[in-house]
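For reference, coords.cif is printed below; it contains mmCIF, C-alpha atoms and all ligand atoms.
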data_target
loop_
_atom_site.group_PDB
_atom_site.id
_atom_site.type_symbol
_atom_site.label_atom_id
_atom_site.label_comp_id
_atom_site.auth_asym_id
_atom_site.auth_seq_id
_atom_site.Cartn_x
_atom_site.Cartn_y
_atom_site.Cartn_z
ATOM 1 C CA MET A 16 6.715 -33.931 -12.646
ATOM 2 C CA ARG A 17 3.913 -31.387 -12.542
ATOM 3 C CA LEU A 18 1.809 -33.740 -10.507
ATOM 4 C CA LEU A 19 4.691 -34.223 -8.092
ATOM 5 C CA ALA A 20 5.118 -30.444 -7.771
ATOM 6 C CA ALA A 21 1.414 -30.040 -7.100
ATOM 7 C CA VAL A 22 1.458 -32.742 -4.426
ATOM 8 C CA LEU A 23 4.505 -31.178 -2.770
ATOM 9 C CA ALA A 24 2.826 -27.755 -2.837
ATOM 10 C CA LEU A 25 -0.244 -29.213 -1.151
ATOM 11 C CA ILE A 26 1.892 -30.801 1.559
ATOM 12 C CA VAL A 27 3.665 -27.486 2.217
ATOM 13 C CA ILE A 28 0.335 -25.656 2.451
ATOM 14 C CA ALA A 29 -1.057 -28.349 4.731
ATOM 15 C CA VAL A 30 1.838 -28.189 7.217
ATOM 16 C CA THR A 31 2.088 -24.378 7.377
ATOM 17 C CA PRO A 32 0.047 -23.328 10.418
ATOM 18 C CA ALA A 33 -2.218 -20.315 9.878
ATOM 19 C CA HIS A 34 -0.549 -18.375 12.700
ATOM 20 C CA ALA A 35 2.792 -18.585 10.886
ATOM 21 C CA ALA A 36 1.509 -16.093 8.301
ATOM 22 C CA PRO A 37 3.704 -13.107 9.235
ATOM 23 C CA ARG A 38 4.224 -9.403 8.461
ATOM 24 C CA ILE A 39 2.472 -6.718 6.173
ATOM 25 C CA VAL A 40 1.003 -10.074 5.349
ATOM 26 C CA GLY A 41 3.843 -12.354 4.284
ATOM 27 C CA GLY A 42 6.538 -9.663 4.303
ATOM 28 C CA VAL A 43 9.625 -8.617 6.270
ATOM 29 C CA VAL A 44 10.708 -5.701 8.493
ATOM 30 C CA VAL A 45 12.419 -2.795 6.723
ATOM 31 C CA ASP A 46 15.518 -2.079 8.819
ATOM 32 C CA ASP A 47 17.481 0.196 6.500
ATOM 33 C CA ALA A 48 16.185 3.771 6.615
ATOM 34 C CA ASP A 49 17.783 4.460 3.217
ATOM 35 C CA GLU A 50 15.642 1.856 1.548
ATOM 36 C CA ALA A 51 12.397 3.816 1.753
ATOM 37 C CA PRO A 52 13.288 7.421 2.691
ATOM 38 C CA TRP A 53 10.055 8.668 1.096
ATOM 39 C CA MET A 54 7.786 6.454 3.192
ATOM 40 C CA VAL A 55 5.437 8.294 5.554
ATOM 41 C CA ALA A 56 2.792 7.309 8.080
ATOM 42 C CA LEU A 57 -0.519 9.123 8.441
ATOM 43 C CA THR A 58 -1.510 9.374 12.085
ATOM 44 C CA THR A 59 -4.168 11.051 14.169
ATOM 45 C CA SER A 60 -3.102 13.917 16.431
ATOM 46 C CA SER A 61 -2.746 11.369 19.244
ATOM 47 C CA GLY A 62 -0.315 9.336 17.133
ATOM 48 C CA TYR A 63 -2.512 6.460 15.965
ATOM 49 C CA GLN A 64 -1.277 5.258 12.561
ATOM 50 C CA PHE A 65 -4.151 4.665 10.128
ATOM 51 C CA CYS A 66 -2.606 4.861 6.632
ATOM 52 C CA GLY A 67 0.628 5.113 4.699
ATOM 53 C CA GLY A 68 1.806 7.497 2.007
ATOM 54 C CA ALA A 69 4.833 8.511 -0.025
ATOM 55 C CA LEU A 70 6.655 11.825 -0.404
ATOM 56 C CA VAL A 71 6.465 12.783 -4.070
ATOM 57 C CA GLY A 72 7.748 16.304 -3.392
ATOM 58 C CA PRO A 73 9.388 17.830 -0.279
ATOM 59 C CA GLY A 74 6.022 19.057 0.939
ATOM 60 C CA LEU A 75 3.776 16.722 -1.038
ATOM 61 C CA VAL A 76 2.447 13.269 -0.083
ATOM 62 C CA ALA A 77 0.601 10.822 -2.338
ATOM 63 C CA THR A 78 -1.875 8.594 -0.500
ATOM 64 C CA ALA A 79 -5.320 7.043 -0.945
ATOM 65 C CA ALA A 80 -8.380 9.297 -1.120
ATOM 66 C CA HIS A 81 -10.180 7.060 1.381
ATOM 67 C CA CYS A 82 -7.418 7.733 3.932
ATOM 68 C CA VAL A 83 -8.232 11.427 4.180
ATOM 69 C CA TYR A 84 -11.782 11.798 2.835
ATOM 70 C CA GLY A 85 -13.906 13.608 5.421
ATOM 71 C CA ARG A 86 -10.958 14.376 7.709
ATOM 72 C CA LYS A 87 -9.878 17.886 8.607
ATOM 73 C CA PRO A 88 -6.401 18.565 7.131
ATOM 74 C CA SER A 89 -5.149 19.864 10.474
ATOM 75 C CA SER A 90 -6.205 16.592 12.149
ATOM 76 C CA ILE A 91 -3.844 14.538 9.975
ATOM 77 C CA THR A 92 -0.226 14.253 11.147
ATOM 78 C CA VAL A 93 2.307 12.996 8.592
ATOM 79 C CA VAL A 94 5.352 11.223 10.035
ATOM 80 C CA GLY A 95 8.498 10.892 7.888
ATOM 81 C CA GLY A 96 11.968 9.458 8.455
ATOM 82 C CA ARG A 97 10.778 7.027 11.144
ATOM 83 C CA LEU A 98 10.735 3.239 10.646
ATOM 84 C CA ASP A 99 9.692 2.411 14.230
ATOM 85 C CA LEU A 100 6.621 4.412 15.153
ATOM 86 C CA LEU A 101 7.332 3.987 18.882
ATOM 87 C CA THR A 102 10.417 6.211 18.511
ATOM 88 C CA ASP A 103 10.408 9.955 17.893
ATOM 89 C CA GLY A 104 12.993 10.021 15.084
ATOM 90 C CA GLY A 105 12.416 11.779 11.785
ATOM 91 C CA SER A 106 9.964 14.625 11.451
ATOM 92 C CA THR A 107 6.273 15.335 11.552
ATOM 93 C CA SER A 108 3.973 17.835 9.909
ATOM 94 C CA VAL A 109 0.273 18.410 9.880
ATOM 95 C CA VAL A 110 -1.491 18.740 6.544
ATOM 96 C CA LYS A 111 -2.133 22.231 5.226
ATOM 97 C CA HIS A 112 -4.656 21.136 2.615
ATOM 98 C CA TYR A 113 -5.335 18.187 0.344
ATOM 99 C CA GLN A 114 -6.714 17.435 -3.066
ATOM 100 C CA ILE A 115 -8.731 14.301 -3.836
ATOM 101 C CA ALA A 116 -9.196 12.925 -7.362
ATOM 102 C CA GLU A 117 -12.284 14.454 -8.893
ATOM 103 C CA GLY A 118 -15.318 12.180 -8.695
ATOM 104 C CA TYR A 119 -13.928 9.924 -5.930
ATOM 105 C CA SER A 120 -16.639 8.169 -3.911
ATOM 106 C CA THR A 121 -15.453 4.783 -2.610
ATOM 107 C CA PRO A 122 -12.287 2.740 -3.270
ATOM 108 C CA SER A 123 -14.057 0.062 -5.318
ATOM 109 C CA ARG A 124 -15.183 2.744 -7.778
ATOM 110 C CA GLY A 125 -11.594 3.886 -8.378
ATOM 111 C CA LYS A 126 -9.996 7.364 -8.235
ATOM 112 C CA ASP A 127 -8.666 6.403 -4.810
ATOM 113 C CA ILE A 128 -5.839 8.919 -4.708
ATOM 114 C CA ALA A 129 -5.118 12.147 -2.843
ATOM 115 C CA LEU A 130 -2.249 14.628 -2.675
ATOM 116 C CA LEU A 131 -1.514 16.199 0.689
ATOM 117 C CA THR A 132 0.349 19.471 1.052
ATOM 118 C CA LEU A 133 2.363 19.638 4.271
ATOM 119 C CA VAL A 134 2.755 22.652 6.526
ATOM 120 C CA GLN A 135 6.417 21.653 7.047
ATOM 121 C CA PRO A 136 8.184 20.190 3.996
ATOM 122 C CA MET A 137 10.390 17.167 4.835
ATOM 123 C CA PRO A 138 14.094 16.800 4.014
ATOM 124 C CA TYR A 139 13.856 13.262 2.630
ATOM 125 C CA GLN A 140 14.424 11.849 -0.820
ATOM 126 C CA VAL A 141 11.190 11.776 -2.798
ATOM 127 C CA LEU A 142 9.739 8.832 -4.736
ATOM 128 C CA PRO A 143 9.615 9.426 -8.496
ATOM 129 C CA LEU A 144 6.439 8.505 -10.359
ATOM 130 C CA ALA A 145 6.260 5.558 -12.745
ATOM 131 C CA ALA A 146 7.442 6.836 -16.112
ATOM 132 C CA THR A 147 5.334 4.679 -18.432
ATOM 133 C CA SER A 148 2.351 2.366 -18.170
ATOM 134 C CA ALA A 149 4.686 -0.522 -19.053
ATOM 135 C CA VAL A 150 5.185 -0.922 -15.282
ATOM 136 C CA TYR A 151 1.719 -2.487 -15.107
ATOM 137 C CA ALA A 152 2.637 -5.511 -17.202
ATOM 138 C CA ALA A 153 1.438 -8.751 -15.606
ATOM 139 C CA ARG A 154 4.097 -10.536 -13.498
ATOM 140 C CA ASN A 155 6.122 -7.345 -12.919
ATOM 141 C CA VAL A 156 7.056 -7.455 -9.262
ATOM 142 C CA GLY A 157 6.492 -4.456 -7.003
ATOM 143 C CA VAL A 158 7.233 -3.816 -3.341
ATOM 144 C CA VAL A 159 4.470 -2.609 -1.037
ATOM 145 C CA TYR A 160 5.275 -0.855 2.254
ATOM 146 C CA GLY A 161 3.202 -0.302 5.359
ATOM 147 C CA TRP A 162 2.572 -0.410 9.100
ATOM 148 C CA GLY A 163 -0.687 -2.313 8.674
ATOM 149 C CA ARG A 164 -1.865 -5.628 10.020
ATOM 150 C CA GLN A 165 0.213 -8.749 9.593
ATOM 151 C CA ALA A 166 -2.825 -10.968 9.253
ATOM 152 C CA GLU A 167 -6.445 -10.339 8.418
ATOM 153 C CA GLY A 168 -7.681 -10.826 11.997
ATOM 154 C CA ASP A 169 -4.638 -9.204 13.616
ATOM 155 C CA THR A 170 -5.448 -6.553 16.198
ATOM 156 C CA ASN A 171 -2.051 -5.724 17.704
ATOM 157 C CA LYS A 172 -0.126 -4.120 14.891
ATOM 158 C CA SER A 173 3.661 -3.905 14.762
ATOM 159 C CA PRO A 174 5.163 -0.408 15.114
ATOM 160 C CA LEU A 175 7.809 -1.429 12.552
ATOM 161 C CA LEU A 176 7.596 -0.701 8.828
ATOM 162 C CA HIS A 177 7.137 -3.862 6.777
ATOM 163 C CA LYS A 178 7.401 -4.589 3.075
ATOM 164 C CA ALA A 179 6.499 -7.405 0.721
ATOM 165 C CA SER A 180 7.248 -8.174 -2.922
ATOM 166 C CA ILE A 181 4.155 -9.013 -4.932
ATOM 167 C CA PRO A 182 3.630 -9.658 -8.664
ATOM 168 C CA ILE A 183 1.122 -7.651 -10.691
ATOM 169 C CA MET A 184 -1.779 -9.761 -11.940
ATOM 170 C CA ALA A 185 -3.205 -9.738 -15.444
ATOM 171 C CA ASP A 186 -6.355 -7.601 -15.812
ATOM 172 C CA ALA A 187 -8.406 -10.618 -16.911
ATOM 173 C CA GLN A 188 -7.432 -12.505 -13.779
ATOM 174 C CA CYS A 189 -8.285 -9.522 -11.611
ATOM 175 C CA SER A 190 -11.716 -9.009 -13.126
ATOM 176 C CA GLY A 191 -12.283 -12.702 -12.456
ATOM 177 C CA ALA A 192 -11.672 -12.019 -8.777
ATOM 178 C CA TYR A 193 -13.574 -8.706 -8.570
ATOM 179 C CA ALA A 194 -16.611 -7.762 -10.676
ATOM 180 C CA ARG A 195 -15.926 -4.107 -9.777
ATOM 181 C CA TYR A 196 -12.404 -4.185 -11.219
ATOM 182 C CA ASP A 197 -11.686 -1.186 -13.459
ATOM 183 C CA ALA A 198 -8.436 -1.544 -15.387
ATOM 184 C CA THR A 199 -8.130 2.198 -15.996
ATOM 185 C CA ALA A 200 -8.330 3.148 -12.363
ATOM 186 C CA MET A 201 -6.753 0.120 -10.692
ATOM 187 C CA PHE A 202 -4.433 -2.836 -10.904
ATOM 188 C CA CYS A 203 -4.178 -5.995 -8.842
ATOM 189 C CA ALA A 204 -1.209 -7.670 -7.228
ATOM 190 C CA GLY A 205 -1.065 -11.020 -5.506
ATOM 191 C CA TYR A 206 -0.281 -14.685 -5.786
ATOM 192 C CA PRO A 207 -3.053 -17.087 -6.864
ATOM 193 C CA GLU A 208 -2.454 -19.032 -3.647
ATOM 194 C CA GLY A 209 -2.577 -15.842 -1.518
ATOM 195 C CA GLY A 210 -0.297 -15.485 1.509
ATOM 196 C CA VAL A 211 1.314 -12.131 0.644
ATOM 197 C CA ASP A 212 -0.693 -8.896 0.584
ATOM 198 C CA ALA A 213 -1.287 -5.464 2.018
ATOM 199 C CA CYS A 214 -3.877 -5.365 4.806
ATOM 200 C CA ILE A 215 -5.878 -3.004 7.045
ATOM 201 C CA ASP A 216 -3.986 0.255 7.736
ATOM 202 C CA ASP A 217 -1.589 -0.295 4.829
ATOM 203 C CA SER A 218 -3.952 1.807 2.725
ATOM 204 C CA GLY A 219 -2.414 4.817 1.047
ATOM 205 C CA GLY A 220 1.035 3.207 1.069
ATOM 206 C CA PRO A 221 3.144 2.948 -2.072
ATOM 207 C CA PHE A 222 3.525 -0.012 -4.441
ATOM 208 C CA VAL A 223 6.955 0.564 -5.945
ATOM 209 C CA VAL A 224 8.142 -0.883 -9.251
ATOM 210 C CA ASP A 225 11.778 -0.286 -10.262
ATOM 211 C CA GLY A 226 12.143 2.453 -7.653
ATOM 212 C CA ARG A 227 9.074 4.359 -8.838
ATOM 213 C CA LEU A 228 5.570 4.900 -7.519
ATOM 214 C CA ALA A 229 3.235 2.682 -9.549
ATOM 215 C CA GLY A 230 0.368 2.046 -7.134
ATOM 216 C CA ILE A 231 -1.332 3.007 -3.895
ATOM 217 C CA VAL A 232 -2.851 0.453 -1.513
ATOM 218 C CA SER A 233 -6.600 0.818 -2.037
ATOM 219 C CA TRP A 234 -8.843 -2.179 -1.292
ATOM 220 C CA GLY A 235 -9.369 -5.927 -1.330
ATOM 221 C CA ILE A 236 -11.513 -8.579 0.303
ATOM 222 C CA GLY A 237 -9.887 -9.697 3.514
ATOM 223 C CA CYS A 238 -6.103 -9.978 3.287
ATOM 224 C CA ALA A 239 -3.880 -12.485 1.499
ATOM 225 C CA ARG A 240 -6.726 -14.876 0.682
ATOM 226 C CA PRO A 241 -6.258 -17.253 -2.269
ATOM 227 C CA ASN A 242 -7.472 -15.889 -5.629
ATOM 228 C CA THR A 243 -8.212 -12.566 -3.915
ATOM 229 C CA PRO A 244 -5.468 -10.083 -4.848
ATOM 230 C CA GLY A 245 -4.928 -6.657 -3.345
ATOM 231 C CA VAL A 246 -6.261 -3.786 -5.460
ATOM 232 C CA TYR A 247 -4.120 -0.690 -5.979
ATOM 233 C CA THR A 248 -4.765 2.731 -7.492
ATOM 234 C CA ARG A 249 -3.189 2.900 -10.963
ATOM 235 C CA VAL A 250 -1.138 6.011 -10.231
ATOM 236 C CA ARG A 251 -0.205 6.635 -13.891
ATOM 237 C CA THR A 252 -3.852 7.335 -14.681
ATOM 238 C CA TYR A 253 -3.942 10.208 -12.198
ATOM 239 C CA LEU A 254 -0.405 11.593 -11.867
ATOM 240 C CA SER A 255 2.389 12.031 -14.378
HETATM 241 N N1 LIG B 1 -8.600 -0.439 2.807
HETATM 242 C C1 LIG B 1 -7.538 -0.972 3.602
HETATM 243 C C2 LIG B 1 -7.032 0.077 4.557
HETATM 244 O O1 LIG B 1 -7.792 0.905 4.945
HETATM 245 C C3 LIG B 1 -6.457 -1.579 2.774
HETATM 246 C C4 LIG B 1 -6.965 -2.718 2.063
HETATM 247 C C5 LIG B 1 -5.953 -3.431 1.295
HETATM 248 N N2 LIG B 1 -6.357 -4.770 1.322
HETATM 249 C C6 LIG B 1 -5.757 -5.749 0.695
HETATM 250 N N3 LIG B 1 -6.189 -6.939 0.873
HETATM 251 N N4 LIG B 1 -4.734 -5.506 -0.087
HETATM 252 O O2 LIG B 1 -5.947 0.037 5.082
#
Go ahead and render the structure in this file as structure tokens.
Amino acid sequence: MRLLAAVLALIVIAVTPAHAAPRIVGGVVVDDADEAPWMVALTTSSGYQFCGGALVGPGLVATAAHCVYGRKPSSITVVGGRLDLLTDGGSTSVVKHYQIAEGYSTPSRGKDIALLTLVQPMPYQVLPLAATSAVYAARNVGVVYGWGRQAEGDTNKSPLLHKASIPIMADAQCSGAYARYDATAMFCAGYPEGGVDACIDDSGGPFVVDGRLAGIVSWGIGCARPNTPGVYTRVRTYLS
């Protein structure tokens, strides 16, 4: 039976063309604004989306440190309440100031988290933080949201918010994939066979477990490759 399942799996992989790999990578469009009211995009002043984030207070956004590091607060525009970035729904605010986790240098060294304070607080429901570290148990499924690429080599991004459900990987499996893996600062999510992942420009976006912020899109090698999970900031280590 197991052999049969393995053979069938191989056939399915073999007949799935590479270009069929869709969304976030392997996700779907979010079309209900009530599903992710706390989701925000980080854009340049000319409107180019480069990261995601989540409202954790009316005027407070959690995102990745690498999304804002070196940028002037006033050059970062936060867009909330807008699923389709080609529309002008929702609201925008520039950043008043931000705080980056102390000691942050690069994503693969951890501490990849920042809190942005908005000039104009936003009237949307905020995302509560994960209540316990039990959310990081292997095989717990989270949902990651973003406007990033839908395939590793993708250059024309969709203006629509996408999401994908991805299981958390055991620490041992993650350190097998990445020598730099630090289980205090990070966690991994992905399928051994790949196919579903965050990708370029999804950085900073939330990984939500049971309706709470558990992770922040941080890094990875390529996108959705087999045995190469996405790495997320372990939010509980930095915020509670
Ligand atoms: N660092 C990327 C960004 O700037 C996100 C990387 C996430 N990669 C992944 N395979 N999960 O948007």
Exercise. Written as number ranges by chain, which residues does the PyMOL selection byres (((chain A and resi 50-63) around 9) and not hetatm) give for the file shown?
Worked result: A: 45-49, 64-71, 76, 82, 89-98, 100, 109, 139-142, 160-162, 219-221
Using all atoms listed in the file, which residues have at least one atom no more than 6 Å from ligand LIG 1 (chain B)? Output them as a PDB file with C-alpha atoms, in the coordinates of the input.
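Final output, part_12.pdb:
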ATOM      1  CA  ASP A 212      -0.693  -8.896   0.584  1.00  0.00           C
ATOM      2  CA  ALA A 213      -1.287  -5.464   2.018  1.00  0.00           C
ATOM      3  CA  CYS A 214      -3.877  -5.365   4.806  1.00  0.00           C
ATOM      4  CA  ILE A 215      -5.878  -3.004   7.045  1.00  0.00           C
ATOM      5  CA  ASP A 216      -3.986   0.255   7.736  1.00  0.00           C
ATOM      6  CA  ASP A 217      -1.589  -0.295   4.829  1.00  0.00           C
ATOM      7  CA  SER A 218      -3.952   1.807   2.725  1.00  0.00           C
ATOM      8  CA  VAL A 232      -2.851   0.453  -1.513  1.00  0.00           C
ATOM      9  CA  SER A 233      -6.600   0.818  -2.037  1.00  0.00           C
ATOM     10  CA  TRP A 234      -8.843  -2.179  -1.292  1.00  0.00           C
ATOM     11  CA  GLY A 235      -9.369  -5.927  -1.330  1.00  0.00           C
ATOM     12  CA  ILE A 236     -11.513  -8.579   0.303  1.00  0.00           C
ATOM     13  CA  GLY A 237      -9.887  -9.697   3.514  1.00  0.00           C
ATOM     14  CA  CYS A 238      -6.103  -9.978   3.287  1.00  0.00           C
ATOM     15  CA  GLY A 245      -4.928  -6.657  -3.345  1.00  0.00           C
ATOM     16  CA  VAL A 246      -6.261  -3.786  -5.460  1.00  0.00           C
TER      17      VAL A 246
END
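The space separating atom CA of A:Val211 from atom CA of A:Val83 comes to 25.7 Å.
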For this session: Rank A:Ala166, A:Ala198, A:Val223, A:Val158 by their smallest atom-to-atom distance to A:Ala179, using only C-alpha atoms, and report the top residue only.
Result: A:Val158
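With all atoms listed in the file as the atoms that count, the residue of A:Gly226, A:Gly210, A:Pro138, A:Gly72 with the shortest distance to A:Gly41 is A:Gly210.
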